[in-house]
$ cat run.cif   # mmCIF, C-alpha atoms (C1' of nucleotides)
data_target
#
loop_
_atom_site.label_atom_id
_atom_site.label_comp_id
_atom_site.auth_asym_id
_atom_site.auth_seq_id
_atom_site.Cartn_x
_atom_site.Cartn_y
_atom_site.Cartn_z
CA MET S 1 -17.08 8.91 30.61
CA ARG S 2 -16.70 6.49 33.46
CA ALA S 3 -13.27 6.21 35.04
CA ASP S 4 -12.61 2.62 33.94
CA ALA S 5 -13.78 3.44 30.44
CA ARG S 6 -11.42 6.39 30.25
CA LYS S 7 -8.51 4.24 31.38
CA ASN S 8 -9.30 1.58 28.79
CA TYR S 9 -9.56 4.24 26.12
CA GLU S 10 -6.17 5.62 26.97
CA ASP S 11 -4.51 2.25 27.35
CA LEU S 12 -5.80 1.29 23.93
CA LEU S 13 -4.48 4.46 22.40
CA THR S 14 -1.06 4.06 23.96
CA VAL S 15 -0.73 0.49 22.77
CA ALA S 16 -2.13 1.31 19.34
CA ARG S 17 0.46 4.04 18.88
CA THR S 18 3.43 1.73 19.30
CA VAL S 19 1.76 -1.06 17.35
CA VAL S 20 0.99 1.19 14.37
CA VAL S 21 4.53 2.55 14.48
CA GLU S 22 5.96 -0.95 14.45
CA GLN S 23 3.51 -2.94 12.37
CA GLY S 24 1.70 -0.33 10.35
CA ALA S 25 -1.85 0.90 9.91
CA GLY S 26 -3.08 -2.58 9.05
CA ALA S 27 -1.97 -4.10 12.34
CA SER S 28 -4.17 -6.64 14.09
CA LEU S 29 -6.79 -4.95 16.24
CA ARG S 30 -7.08 -8.15 18.22
CA ASP S 31 -3.42 -7.76 19.02
CA VAL S 32 -3.95 -4.18 20.16
CA ALA S 33 -6.78 -5.21 22.48
CA ARG S 34 -4.72 -8.10 23.83
CA LYS S 35 -1.68 -5.95 24.53
CA ALA S 36 -3.88 -3.34 26.19
CA GLY S 37 -5.31 -6.04 28.45
CA VAL S 38 -8.81 -5.29 27.26
CA GLY S 39 -11.63 -7.29 25.71
CA LEU S 40 -11.98 -7.08 21.96
CA GLY S 41 -15.49 -5.70 22.31
CA THR S 42 -14.12 -2.83 24.37
CA LEU S 43 -11.85 -1.79 21.56
CA TYR S 44 -14.78 -1.78 19.14
CA ARG S 45 -16.89 0.15 21.61
CA HIS S 46 -14.34 2.95 21.78
CA PHE S 47 -13.23 2.75 18.16
CA PRO S 48 -15.97 1.37 15.95
CA THR S 49 -13.76 1.48 12.87
CA ARG S 50 -10.06 1.24 12.18
CA GLU S 51 -10.12 4.82 10.89
CA SER S 52 -11.57 6.06 14.14
CA LEU S 53 -8.59 4.58 15.95
CA LEU S 54 -6.18 6.12 13.47
CA GLU S 55 -7.98 9.41 13.79
CA ALA S 56 -7.54 9.40 17.56
CA LEU S 57 -3.88 8.60 16.99
CA LEU S 58 -3.22 11.23 14.36
CA ARG S 59 -5.64 14.06 14.94
CA GLU S 60 -3.34 16.08 17.17
CA SER S 61 -0.46 15.82 14.72
CA PHE S 62 -2.65 16.61 11.74
CA ASP S 63 -4.17 19.63 13.35
CA GLY S 64 -0.71 20.69 14.44
CA LEU S 65 0.40 20.68 10.82
CA THR S 66 -2.63 22.67 9.79
CA THR S 67 -1.81 25.25 12.44
CA LYS S 68 1.80 25.35 11.34
CA ALA S 69 0.70 25.98 7.77
CA ILE S 70 -1.41 28.90 8.89
CA GLU S 71 1.58 30.37 10.71
CA HIS S 72 3.68 29.93 7.59
CA GLU S 73 1.15 31.97 5.66
CA THR S 74 2.60 35.15 7.10
CA SER S 75 6.25 34.24 6.72
CA ALA S 76 8.64 36.26 4.61
CA SER S 77 9.51 33.60 2.04
CA PRO S 78 6.49 31.83 0.53
CA GLY S 79 8.72 29.33 -1.26
CA ASP S 80 10.60 28.29 1.86
CA ALA S 81 7.36 28.18 3.81
CA LEU S 82 5.83 25.78 1.33
CA VAL S 83 8.78 23.42 1.14
CA THR S 84 9.46 23.42 4.87
CA TRP S 85 5.85 22.59 5.57
CA LEU S 86 5.77 19.82 2.99
CA ARG S 87 8.80 18.27 4.58
CA ASP S 88 7.04 18.32 7.94
CA VAL S 89 4.04 16.53 6.47
CA VAL S 90 6.20 13.78 5.01
CA THR S 91 8.13 13.44 8.24
CA LEU S 92 4.96 13.02 10.25
CA ALA S 93 3.54 10.44 7.87
CA ASN S 94 6.76 8.49 8.11
CA ASP S 95 6.66 8.47 11.90
CA TYR S 96 3.99 5.80 11.51
CA ARG S 97 3.85 3.01 8.97
CA ASP S 98 1.46 2.79 6.03
CA VAL S 99 -0.85 5.55 7.23
CA VAL S 100 -0.56 7.47 4.00
CA ALA S 101 -2.99 5.22 2.10
CA SER S 102 -5.60 5.72 4.83
CA MET S 103 -5.00 9.46 4.66
CA VAL S 104 -5.50 9.50 0.93
CA ALA S 105 -8.61 7.34 1.07
CA ALA S 106 -10.10 9.63 3.71
CA ILE S 107 -9.96 12.64 1.43
CA ASP S 108 -12.77 11.37 -0.76
CA ASP S 109 -14.70 9.53 1.94
CA GLU S 110 -16.85 11.84 3.99
CA ASP S 111 -17.76 9.00 6.32
CA SER S 112 -14.16 8.35 7.29
CA ALA S 113 -13.17 9.52 10.75
CA LEU S 114 -10.00 10.89 9.20
CA HIS S 115 -11.87 12.95 6.62
CA ALA S 116 -12.04 16.31 8.38
CA SER S 117 -8.40 16.45 9.48
CA CYS S 118 -7.16 15.41 6.07
CA VAL S 119 -9.30 17.91 4.23
CA SER S 120 -8.08 20.70 6.52
CA MET S 121 -4.49 19.73 5.96
CA LYS S 122 -4.94 19.56 2.24
CA ALA S 123 -6.60 22.97 2.21
CA ALA S 124 -3.84 24.46 4.34
CA GLY S 125 -1.24 23.16 1.92
CA ALA S 126 -3.20 24.51 -1.00
CA ARG S 127 -3.13 27.99 0.55
CA LEU S 128 0.64 27.85 0.95
CA LEU S 129 0.90 26.83 -2.67
CA THR S 130 -1.37 29.60 -3.87
CA ARG S 131 0.66 32.14 -1.95
CA ALA S 132 3.92 30.85 -3.42
CA GLN S 133 2.37 30.98 -6.87
CA ALA S 134 1.14 34.52 -6.32
CA ALA S 135 4.66 35.47 -5.28
CA GLY S 136 5.94 34.00 -8.50
CA VAL S 137 8.10 31.36 -6.82
CA ALA S 138 6.02 28.26 -7.53
CA ARG S 139 4.92 26.84 -10.86
CA THR S 140 1.31 27.46 -11.73
CA ASP S 141 0.40 24.23 -13.50
CA ILE S 142 -0.15 22.53 -10.15
CA ASP S 143 -3.06 22.88 -7.77
CA GLY S 144 -3.77 21.89 -4.19
CA ALA S 145 -4.94 18.42 -5.14
CA ASP S 146 -1.76 17.80 -7.10
CA LEU S 147 0.32 19.00 -4.20
CA PHE S 148 -1.48 16.65 -1.82
CA ALA S 149 -0.93 13.74 -4.20
CA LEU S 150 2.77 14.51 -4.56
CA VAL S 151 3.26 14.69 -0.84
CA ALA S 152 1.40 11.41 -0.42
CA ALA S 153 3.59 9.76 -3.03
CA LEU S 154 6.74 11.02 -1.31
CA ALA S 155 5.47 9.76 2.04
CA TRP S 156 4.71 6.41 0.42
CA LEU S 157 8.34 6.13 -0.64
CA GLY S 158 9.33 6.36 3.00
CA ASP S 159 7.12 3.37 3.79
CA GLN S 160 8.87 1.09 1.31
CA PRO S 161 12.03 -0.35 2.87
CA ALA S 162 13.74 -0.58 -0.51
CA LEU S 163 13.03 3.05 -1.37
CA ALA S 164 13.12 4.80 1.98
CA PRO S 165 16.84 5.61 1.71
CA LEU S 166 16.11 7.61 -1.45
CA ALA S 167 13.09 9.42 -0.09
CA ASP S 168 14.99 12.42 1.21
CA HIS S 169 16.85 13.02 -1.99
CA LEU S 170 13.69 12.63 -4.06
CA PHE S 171 11.87 15.03 -1.80
CA GLY S 172 14.47 17.60 -2.75
CA VAL S 173 14.07 16.80 -6.42
CA ILE S 174 10.30 17.09 -6.41
CA ALA S 175 10.17 20.09 -4.13
CA GLY S 176 12.76 21.79 -6.28
CA SER S 177 10.74 21.23 -9.39
CA LEU S 178 7.69 22.79 -7.78
CA LEU S 179 9.57 26.00 -7.35
CA VAL S 180 10.31 28.37 -10.15
CA THR S 181 14.05 28.65 -10.57
CA GLY S 182 13.85 32.06 -12.09
CA ALA S 183 14.39 35.65 -11.13
CA GLY S 184 13.93 35.45 -7.34
CA GLY S 185 16.54 32.82 -6.76
CA ASP S 186 16.11 32.74 -2.99
CA ALA S 187 13.70 29.86 -3.16
CA LYS S 188 16.11 27.13 -4.16
CA VAL S 189 15.65 23.91 -2.24
CA LYS S 190 18.65 22.87 -0.31
CA THR S 191 19.11 19.20 -1.04
CA LYS S 192 21.59 17.58 1.24
CA ALA S 193 24.43 16.46 -0.98
CA ARG S 194 24.42 12.72 -1.09
CA VAL S 195 27.40 11.09 0.55
CA ALA S 196 29.18 9.14 -2.14
CA GLY S 197 29.25 5.46 -1.37
CA SER S 198 26.68 5.68 1.36
CA LYS S 199 24.87 2.82 -0.38
CA SER S 200 27.80 0.49 -0.76
CA ARG S 201 28.93 0.66 2.82
CA PRO S 202 28.17 -2.51 4.81
CA MET W 1 4.18 -31.79 -16.78
CA ARG W 2 1.14 -34.02 -16.84
CA ALA W 3 -1.79 -32.88 -18.92
CA ASP W 4 -4.16 -32.34 -16.00
CA ALA W 5 -1.47 -30.45 -14.12
CA ARG W 6 -0.87 -28.18 -17.07
CA LYS W 7 -4.60 -27.46 -17.36
CA ASN W 8 -4.84 -26.61 -13.67
CA TYR W 9 -1.81 -24.37 -13.95
CA GLU W 10 -3.33 -22.44 -16.81
CA ASP W 11 -6.78 -22.22 -15.29
CA LEU W 12 -5.25 -20.83 -12.12
CA LEU W 13 -3.32 -18.24 -14.07
CA THR W 14 -6.34 -17.15 -16.06
CA VAL W 15 -8.47 -16.74 -12.97
CA ALA W 16 -5.66 -15.06 -11.05
CA ARG W 17 -5.23 -12.48 -13.79
CA THR W 18 -8.80 -11.23 -13.58
CA VAL W 19 -8.86 -11.46 -9.80
CA VAL W 20 -5.66 -9.43 -9.42
CA VAL W 21 -6.98 -6.87 -11.89
CA GLU W 22 -10.21 -6.53 -9.96
CA GLN W 23 -9.19 -7.07 -6.35
CA GLY W 24 -5.50 -6.35 -6.32
CA ALA W 25 -2.29 -8.19 -5.52
CA GLY W 26 -3.52 -9.03 -2.04
CA ALA W 27 -6.55 -10.92 -3.25
CA SER W 28 -7.62 -14.12 -1.53
CA LEU W 29 -5.72 -17.11 -2.90
CA ARG W 30 -8.50 -19.34 -1.62
CA ASP W 31 -10.83 -17.38 -3.84
CA VAL W 32 -8.56 -17.89 -6.82
CA ALA W 33 -8.44 -21.65 -6.26
CA ARG W 34 -12.19 -21.78 -5.78
CA LYS W 35 -12.93 -19.85 -8.96
CA ALA W 36 -10.48 -22.03 -10.87
CA GLY W 37 -12.31 -25.12 -9.62
CA VAL W 38 -9.14 -26.46 -8.07
CA GLY W 39 -8.12 -27.60 -4.61
CA LEU W 40 -6.26 -25.10 -2.48
CA GLY W 41 -3.29 -27.45 -2.26
CA THR W 42 -3.05 -27.47 -6.03
CA LEU W 43 -2.61 -23.74 -6.11
CA TYR W 44 0.18 -23.98 -3.55
CA ARG W 45 1.81 -26.80 -5.48
CA HIS W 46 2.04 -24.68 -8.61
CA PHE W 47 2.66 -21.38 -6.88
CA PRO W 48 4.33 -21.90 -3.52
CA THR W 49 4.28 -18.17 -2.76
CA ARG W 50 2.11 -15.25 -3.71
CA GLU W 51 5.07 -13.70 -5.53
CA SER W 52 5.51 -16.79 -7.67
CA LEU W 53 1.93 -16.35 -8.84
CA LEU W 54 2.47 -12.67 -9.53
CA GLU W 55 5.67 -13.49 -11.33
CA ALA W 56 3.86 -15.91 -13.64
CA LEU W 57 1.28 -13.18 -14.27
CA LEU W 58 3.71 -10.36 -14.90
CA ARG W 59 6.89 -11.90 -16.26
CA GLU W 60 5.91 -11.58 -19.90
CA SER W 61 4.95 -7.94 -19.52
CA PHE W 62 8.05 -7.12 -17.51
CA ASP W 63 10.37 -8.74 -19.95
CA GLY W 64 8.48 -7.00 -22.76
CA LEU W 65 9.25 -3.66 -21.14
CA THR W 66 12.88 -4.56 -20.75
CA THR W 67 13.04 -5.45 -24.43
CA LYS W 68 11.31 -2.22 -25.34
CA ALA W 69 13.86 -0.27 -23.34
CA ILE W 70 16.68 -1.95 -25.22
CA GLU W 71 15.09 -0.97 -28.51
CA HIS W 72 14.76 2.59 -27.27
CA GLU W 73 18.49 2.65 -26.62
CA THR W 74 19.14 3.19 -30.31
CA SER W 75 16.41 5.73 -30.92
CA ALA W 76 17.14 9.24 -32.13
CA SER W 77 15.84 11.15 -29.13
CA PRO W 78 17.14 9.90 -25.78
CA GLY W 79 14.80 12.22 -23.91
CA ASP W 80 11.67 11.06 -25.66
CA ALA W 81 12.82 7.45 -25.40
CA LEU W 82 13.17 7.75 -21.65
CA VAL W 83 9.83 9.43 -21.05
CA THR W 84 7.90 7.20 -23.42
CA TRP W 85 9.28 4.12 -21.78
CA LEU W 86 8.52 5.42 -18.27
CA ARG W 87 4.94 6.02 -19.30
CA ASP W 88 4.70 2.43 -20.52
CA VAL W 89 5.96 1.14 -17.19
CA VAL W 90 3.38 3.13 -15.27
CA THR W 91 0.63 2.04 -17.63
CA LEU W 92 1.50 -1.60 -17.18
CA ALA W 93 1.62 -1.33 -13.41
CA ASN W 94 -1.80 0.29 -13.45
CA ASP W 95 -3.29 -2.49 -15.53
CA TYR W 96 -3.25 -4.51 -12.31
CA ARG W 97 -4.01 -3.29 -8.84
CA ASP W 98 -1.50 -2.84 -6.04
CA VAL W 99 1.30 -4.72 -7.75
CA VAL W 100 3.74 -1.86 -7.41
CA ALA W 101 4.50 -2.54 -3.76
CA SER W 102 5.35 -6.16 -4.58
CA MET W 103 7.56 -4.94 -7.40
CA VAL W 104 9.41 -2.58 -5.14
CA ALA W 105 9.83 -5.17 -2.40
CA ALA W 106 11.23 -7.65 -4.92
CA ILE W 107 14.08 -5.35 -5.85
CA ASP W 108 15.86 -5.90 -2.54
CA ASP W 109 14.73 -9.48 -1.98
CA GLU W 110 16.79 -11.97 -3.93
CA ASP W 111 14.48 -14.77 -2.83
CA SER W 112 11.42 -13.19 -4.38
CA ALA W 113 10.18 -14.78 -7.57
CA LEU W 114 9.79 -11.29 -8.98
CA HIS W 115 13.37 -10.32 -8.23
CA ALA W 116 15.02 -11.06 -11.58
CA SER W 117 12.42 -9.39 -13.77
CA CYS W 118 12.33 -6.30 -11.60
CA VAL W 119 16.08 -5.94 -11.48
CA SER W 120 16.27 -6.25 -15.27
CA MET W 121 13.62 -3.61 -15.72
CA LYS W 122 15.29 -1.28 -13.31
CA ALA W 123 18.63 -1.74 -15.06
CA ALA W 124 17.05 -1.14 -18.46
CA GLY W 125 15.54 2.10 -17.22
CA ALA W 126 18.85 3.13 -15.74
CA ARG W 127 20.52 2.73 -19.14
CA LEU W 128 17.91 4.93 -20.80
CA LEU W 129 18.53 7.52 -18.12
CA THR W 130 22.30 7.37 -18.50
CA ARG W 131 21.96 7.83 -22.23
CA ALA W 132 19.69 10.82 -21.80
CA GLN W 133 22.12 12.29 -19.30
CA ALA W 134 25.06 11.73 -21.66
CA ALA W 135 23.08 13.51 -24.36
CA GLY W 136 22.58 16.39 -21.98
CA VAL W 137 18.81 16.15 -21.94
CA ALA W 138 18.30 14.69 -18.46
CA ARG W 139 19.36 16.09 -15.13
CA THR W 140 22.37 14.40 -13.61
CA ASP W 141 21.49 14.48 -9.93
CA ILE W 142 19.35 11.37 -10.37
CA ASP W 143 20.42 7.78 -10.79
CA GLY W 144 18.73 4.55 -11.82
CA ALA W 145 17.52 3.79 -8.31
CA ASP W 146 15.92 7.23 -8.06
CA LEU W 147 14.25 6.75 -11.40
CA PHE W 148 12.83 3.41 -10.34
CA ALA W 149 11.50 4.94 -7.13
CA LEU W 150 9.87 7.83 -8.97
CA VAL W 151 8.17 5.51 -11.41
CA ALA W 152 6.96 3.35 -8.54
CA ALA W 153 5.55 6.40 -6.77
CA LEU W 154 3.75 7.50 -9.92
CA ALA W 155 2.32 4.03 -10.40
CA TRP W 156 1.20 4.05 -6.77
CA LEU W 157 -0.80 7.20 -7.44
CA GLY W 158 -2.73 5.29 -10.07
CA ASP W 159 -3.69 2.69 -7.48
CA GLN W 160 -5.31 5.22 -5.16
CA PRO W 161 -8.87 5.95 -6.28
CA ALA W 162 -8.72 9.47 -4.90
CA LEU W 163 -5.49 10.29 -6.71
CA ALA W 164 -5.71 8.28 -9.91
CA PRO W 165 -7.38 11.13 -11.85
CA LEU W 166 -4.30 13.27 -11.19
CA ALA W 167 -1.76 10.60 -12.05
CA ASP W 168 -1.46 11.50 -15.71
CA HIS W 169 -0.89 15.15 -15.08
CA LEU W 170 1.63 14.45 -12.36
CA PHE W 171 3.46 12.05 -14.61
CA GLY W 172 3.96 14.95 -16.96
CA VAL W 173 5.15 17.18 -14.15
CA ILE W 174 7.69 14.69 -12.84
CA ALA W 175 8.85 13.52 -16.24
CA GLY W 176 9.27 17.11 -17.29
CA SER W 177 11.40 17.90 -14.30
CA LEU W 178 13.68 14.97 -15.08
CA LEU W 179 14.52 16.52 -18.40
CA VAL W 180 16.78 19.47 -18.82
CA THR W 181 14.81 22.33 -20.30
CA GLY W 182 17.85 23.89 -21.82
CA ALA W 183 19.59 24.10 -25.18
CA GLY W 184 18.20 21.02 -26.89
CA GLY W 185 14.60 21.96 -26.53
CA ASP W 186 13.24 18.93 -28.39
CA ALA W 187 12.88 16.94 -25.23
CA LYS W 188 9.99 18.79 -23.71
CA VAL W 189 7.32 16.52 -22.29
CA LYS W 190 3.97 17.05 -23.83
CA THR W 191 1.54 17.23 -20.97
CA LYS W 192 -2.02 17.06 -22.09
CA ALA W 193 -3.55 20.39 -21.17
CA ARG W 194 -6.05 19.80 -18.45
CA VAL W 195 -9.62 20.52 -19.39
CA ALA W 196 -10.78 23.34 -17.18
CA GLY W 197 -13.59 22.25 -14.92
CA SER W 198 -13.07 18.55 -15.59
CA LYS W 199 -13.06 18.02 -11.85
CA SER W 200 -16.14 20.02 -11.01
CA ARG W 201 -18.39 18.40 -13.57
CA PRO W 202 -20.92 16.00 -12.05
"C1'" DA J 1 -22.68 2.12 31.39
"C1'" DC J 2 -19.47 -0.55 30.38
"C1'" DC J 3 -16.86 -4.91 29.78
"C1'" DT J 4 -16.08 -9.70 28.15
"C1'" DG J 5 -15.38 -13.46 25.22
"C1'" DA J 6 -17.72 -16.84 22.46
"C1'" DA J 7 -19.47 -17.20 17.79
"C1'" DC J 8 -19.31 -16.58 12.87
"C1'" DA J 9 -17.26 -16.13 8.52
"C1'" DC J 10 -13.34 -15.42 6.59
"C1'" DC J 11 -7.89 -15.81 5.75
"C1'" DG J 12 -2.86 -18.28 4.65
"C1'" DT J 13 -0.38 -22.43 5.01
"C1'" DT J 14 0.55 -27.30 5.66
"C1'" DC J 15 0.06 -32.09 5.04
"C1'" DA J 16 -2.03 -36.81 5.40
"C1'" DA J 17 -4.87 -39.28 2.49
"C1'" DG J 18 -6.29 -40.40 -1.81
"C1'" DT J 19 -6.01 -41.39 -7.35
"C1'" DA M 1 2.79 -37.30 -10.09
"C1'" DC M 2 -0.58 -34.94 -8.90
"C1'" DC M 3 -4.91 -33.57 -6.49
"C1'" DT M 4 -7.93 -32.79 -2.47
"C1'" DG M 5 -9.74 -30.93 1.60
"C1'" DA M 6 -9.46 -31.13 6.52
"C1'" DA M 7 -6.73 -29.04 10.14
"C1'" DC M 8 -4.42 -25.29 12.43
"C1'" DA M 9 -3.63 -20.71 13.73
"C1'" DC M 10 -4.81 -16.57 12.74
"C1'" DC M 11 -8.09 -12.39 11.25
"C1'" DG M 12 -12.41 -8.65 11.63
"C1'" DT M 13 -16.87 -8.02 13.41
"C1'" DT M 14 -20.98 -8.77 16.16
"C1'" DC M 15 -23.64 -9.54 20.16
"C1'" DA M 16 -25.65 -12.12 24.19
"C1'" DA M 17 -24.37 -12.40 28.78
"C1'" DG M 18 -22.48 -10.49 32.57
"C1'" DT M 19 -21.07 -6.52 36.34
#

$ encode --input "run.cif" --output "structure tokens"
Amino acid sequence: MRADARKNYEDLLTVARTVVVEQGAGASLRDVARKAGVGLGTLYRHFPTRESLLEALLRESFDGLTTKAIEHETSASPGDALVTWLRDVVTLANDYRDVVASMVAAIDDEDSALHASCVSMKAAGARLLTRAQAAGVARTDIDGADLFALVAALAWLGDQPALAPLADHLFGVIAGSLLVTGAGGDAKVKTKARVAGSKSRP
Amino acid sequence: MRADARKNYEDLLTVARTVVVEQGAGASLRDVARKAGVGLGTLYRHFPTRESLLEALLRESFDGLTTKAIEHETSASPGDALVTWLRDVVTLANDYRDVVASMVAAIDDEDSALHASCVSMKAAGARLLTRAQAAGVARTDIDGADLFALVAALAWLGDQPALAPLADHLFGVIAGSLLVTGAGGDAKVKTKARVAGSKSRP
DNA sequence: ACCTGAACACCGTTCAAGT
DNA sequence: ACCTGAACACCGTTCAAGT
């Protein structure tokens, strides 16, 4: 890649990151090009589709989560491993705005630039689930696809201004109901107690 | 209202209904006006905002759900009443496409045309929840706002093509975890058993 | 090789001009 | 009273023309 091309590529990515954080995954690409001081055609040359731009933005983080999941696969507590990892996924998704719908759409679309990373992540989560189920700490009427959908739904909550304040609590509720509250007992999800009145404060 | 105005109003609504079903809440208003054979200004005269159009489309259904909830308040089984009603809400939301985000946004926006209907619905759901909690069949670490958020998240699943097939099953999972699986026992959510291999069939 | 910006077909929204 | 459509400021996407 030529030096000027590389610089444009990186400038675009830097600008896109802040724009997607602030305005969401549907932000104006024209705006991104403008802010990067680059012609619109240059943006399309480097990122032929919106997904390819998102992919460049998110790939590192996605792959990081996949790696983390693999590490968790050897941890002592399969239940904690699962829940901790799920929380990390939601947190990442909520670092940007409205990326979760793109993520979900990419799962079934082999042509999407986000496809591979999302499929890997989903598979990694599925393995953590299977392990927790094998250990008897997770319910067995759920599979990897269900888990992915639940995490997506929880991440979606964080994107809605009216619901975001509840997202943490609901994560605890859902995560808790994934786990079997039976014999083992060490797999209980710690839900931060909600501060009474935290809603009514000005 | 003049006769021609009334006709335009109704034509717009009829067209909008099918367009929102097919293309979603973000559909082109220009397209709606065009298909209704009406000037674009006429659409804006009758429906100054997109929400006001959605409100006209959904008000009847929303109020119907609120009424239904009130009827449920005197039913014999508070647990069944709650779950049945929640399912109806999700079903309605999934009759259209992508309306759930507008619904959620309206909750906190007093200026939205959808505000009143949504607040009523949320309150009606909250009463069903409170009753179920008082009867000891619903967990008590959830409030009306949480319930509304969970229902919204479940409805959102139905809007995502990749996740919609799982939405029914996950409704059962979430609804089941709202209920206390304790003494009463009659409040268990019947989740349709999933047909093995239903996913892998071509 | 790579960059640029005009060109095209779309939006949402407003508002002067018509009946 | 009500309707219309042009006008404006935006999009996404493509592609001839430049260096």

$ residues_around --input "run.cif" --residues "DA1 (chain M)" --least-positions-apart "3" --cutoff "12 Å" --atoms "all atoms listed in the file" --output "PyMOL selection string"
(chain W and resi 1-5+45) or (chain J and resi 19)

$ residues_around --input "run.cif" --residues "Ala16 (chain W)" --least-positions-apart "5" --cutoff "12 Å" --atoms "all atoms listed in the file" --output "VMD selection string"
chain W and resid 8 to 11 21 to 36 43 47 50 52 to 58 96

$ closest_residue --input "run.cif" --among "W:Val90, W:Ala81, W:Leu40, W:Val99" --to "chain J" --atoms "only C-alpha atoms (C1' of nucleotides)"
W:Leu40

$ residues_around --input "run.cif" --residues "region 102-106 of chain S" --least-positions-apart "4" --cutoff "9 Å" --atoms "all atoms listed in the file" --output "PDB file with C-alpha atoms, in the coordinates of the input"
ATOM      1  CA  ALA S  25      -1.850   0.900   9.910  1.00  0.00           C
ATOM      2  CA  GLU S  51     -10.120   4.820  10.890  1.00  0.00           C
ATOM      3  CA  LEU S  54      -6.180   6.120  13.470  1.00  0.00           C
ATOM      4  CA  ASP S  98       1.460   2.790   6.030  1.00  0.00           C
ATOM      5  CA  GLU S 110     -16.850  11.840   3.990  1.00  0.00           C
ATOM      6  CA  ASP S 111     -17.760   9.000   6.320  1.00  0.00           C
ATOM      7  CA  SER S 112     -14.160   8.350   7.290  1.00  0.00           C
ATOM      8  CA  ALA S 113     -13.170   9.520  10.750  1.00  0.00           C
ATOM      9  CA  LEU S 114     -10.000  10.890   9.200  1.00  0.00           C
ATOM     10  CA  HIS S 115     -11.870  12.950   6.620  1.00  0.00           C
ATOM     11  CA  ALA S 116     -12.040  16.310   8.380  1.00  0.00           C
ATOM     12  CA  CYS S 118      -7.160  15.410   6.070  1.00  0.00           C
ATOM     13  CA  VAL S 119      -9.300  17.910   4.230  1.00  0.00           C
ATOM     14  CA  PHE S 148      -1.480  16.650  -1.820  1.00  0.00           C
ATOM     15  CA  ALA S 149      -0.930  13.740  -4.200  1.00  0.00           C
ATOM     16  CA  ALA S 152       1.400  11.410  -0.420  1.00  0.00           C
TER      17      ALA S 152
ATOM     18  CA  GLN W 160      -5.310   5.220  -5.160  1.00  0.00           C
ATOM     19  CA  PRO W 161      -8.870   5.950  -6.280  1.00  0.00           C
ATOM     20  CA  ALA W 162      -8.720   9.470  -4.900  1.00  0.00           C
ATOM     21  CA  LEU W 163      -5.490  10.290  -6.710  1.00  0.00           C
TER      22      LEU W 163
END

$ interface_residues --input "run.cif" --of "chain J" --to "chain W" --cutoff "12 Å" --atoms "all atoms listed in the file" --output "PDB file with C-alpha atoms (C1' of nucleotides), in the frame of the given file"
ATOM      1  C1'  DC J  10     -13.340 -15.420   6.590  1.00  0.00           C
ATOM      2  C1'  DC J  11      -7.890 -15.810   5.750  1.00  0.00           C
ATOM      3  C1'  DG J  12      -2.860 -18.280   4.650  1.00  0.00           C
ATOM      4  C1'  DT J  13      -0.380 -22.430   5.010  1.00  0.00           C
ATOM      5  C1'  DT J  14       0.550 -27.300   5.660  1.00  0.00           C
ATOM      6  C1'  DC J  15       0.060 -32.090   5.040  1.00  0.00           C
TER       7       DC J  15
END

$ atom_distance --input "run.cif" --atom1 "CA of Met121 (chain S)" --atom2 "CA of Thr66 (chain S)"
5.2 Å

$ atom_distance --input "run.cif" --atom1 "C1' of DA16 (chain J)" --atom2 "CA of Leu12 (chain W)"
23.9 Å

$ resolve_selection --input "run.cif" --expression "the PyMOL selection byres ((chain W and resi 127) around 12)" --output "ChimeraX atom specification"
/W:66,69-74,78,81-82,85,120-126,128-134,143-145,147-148
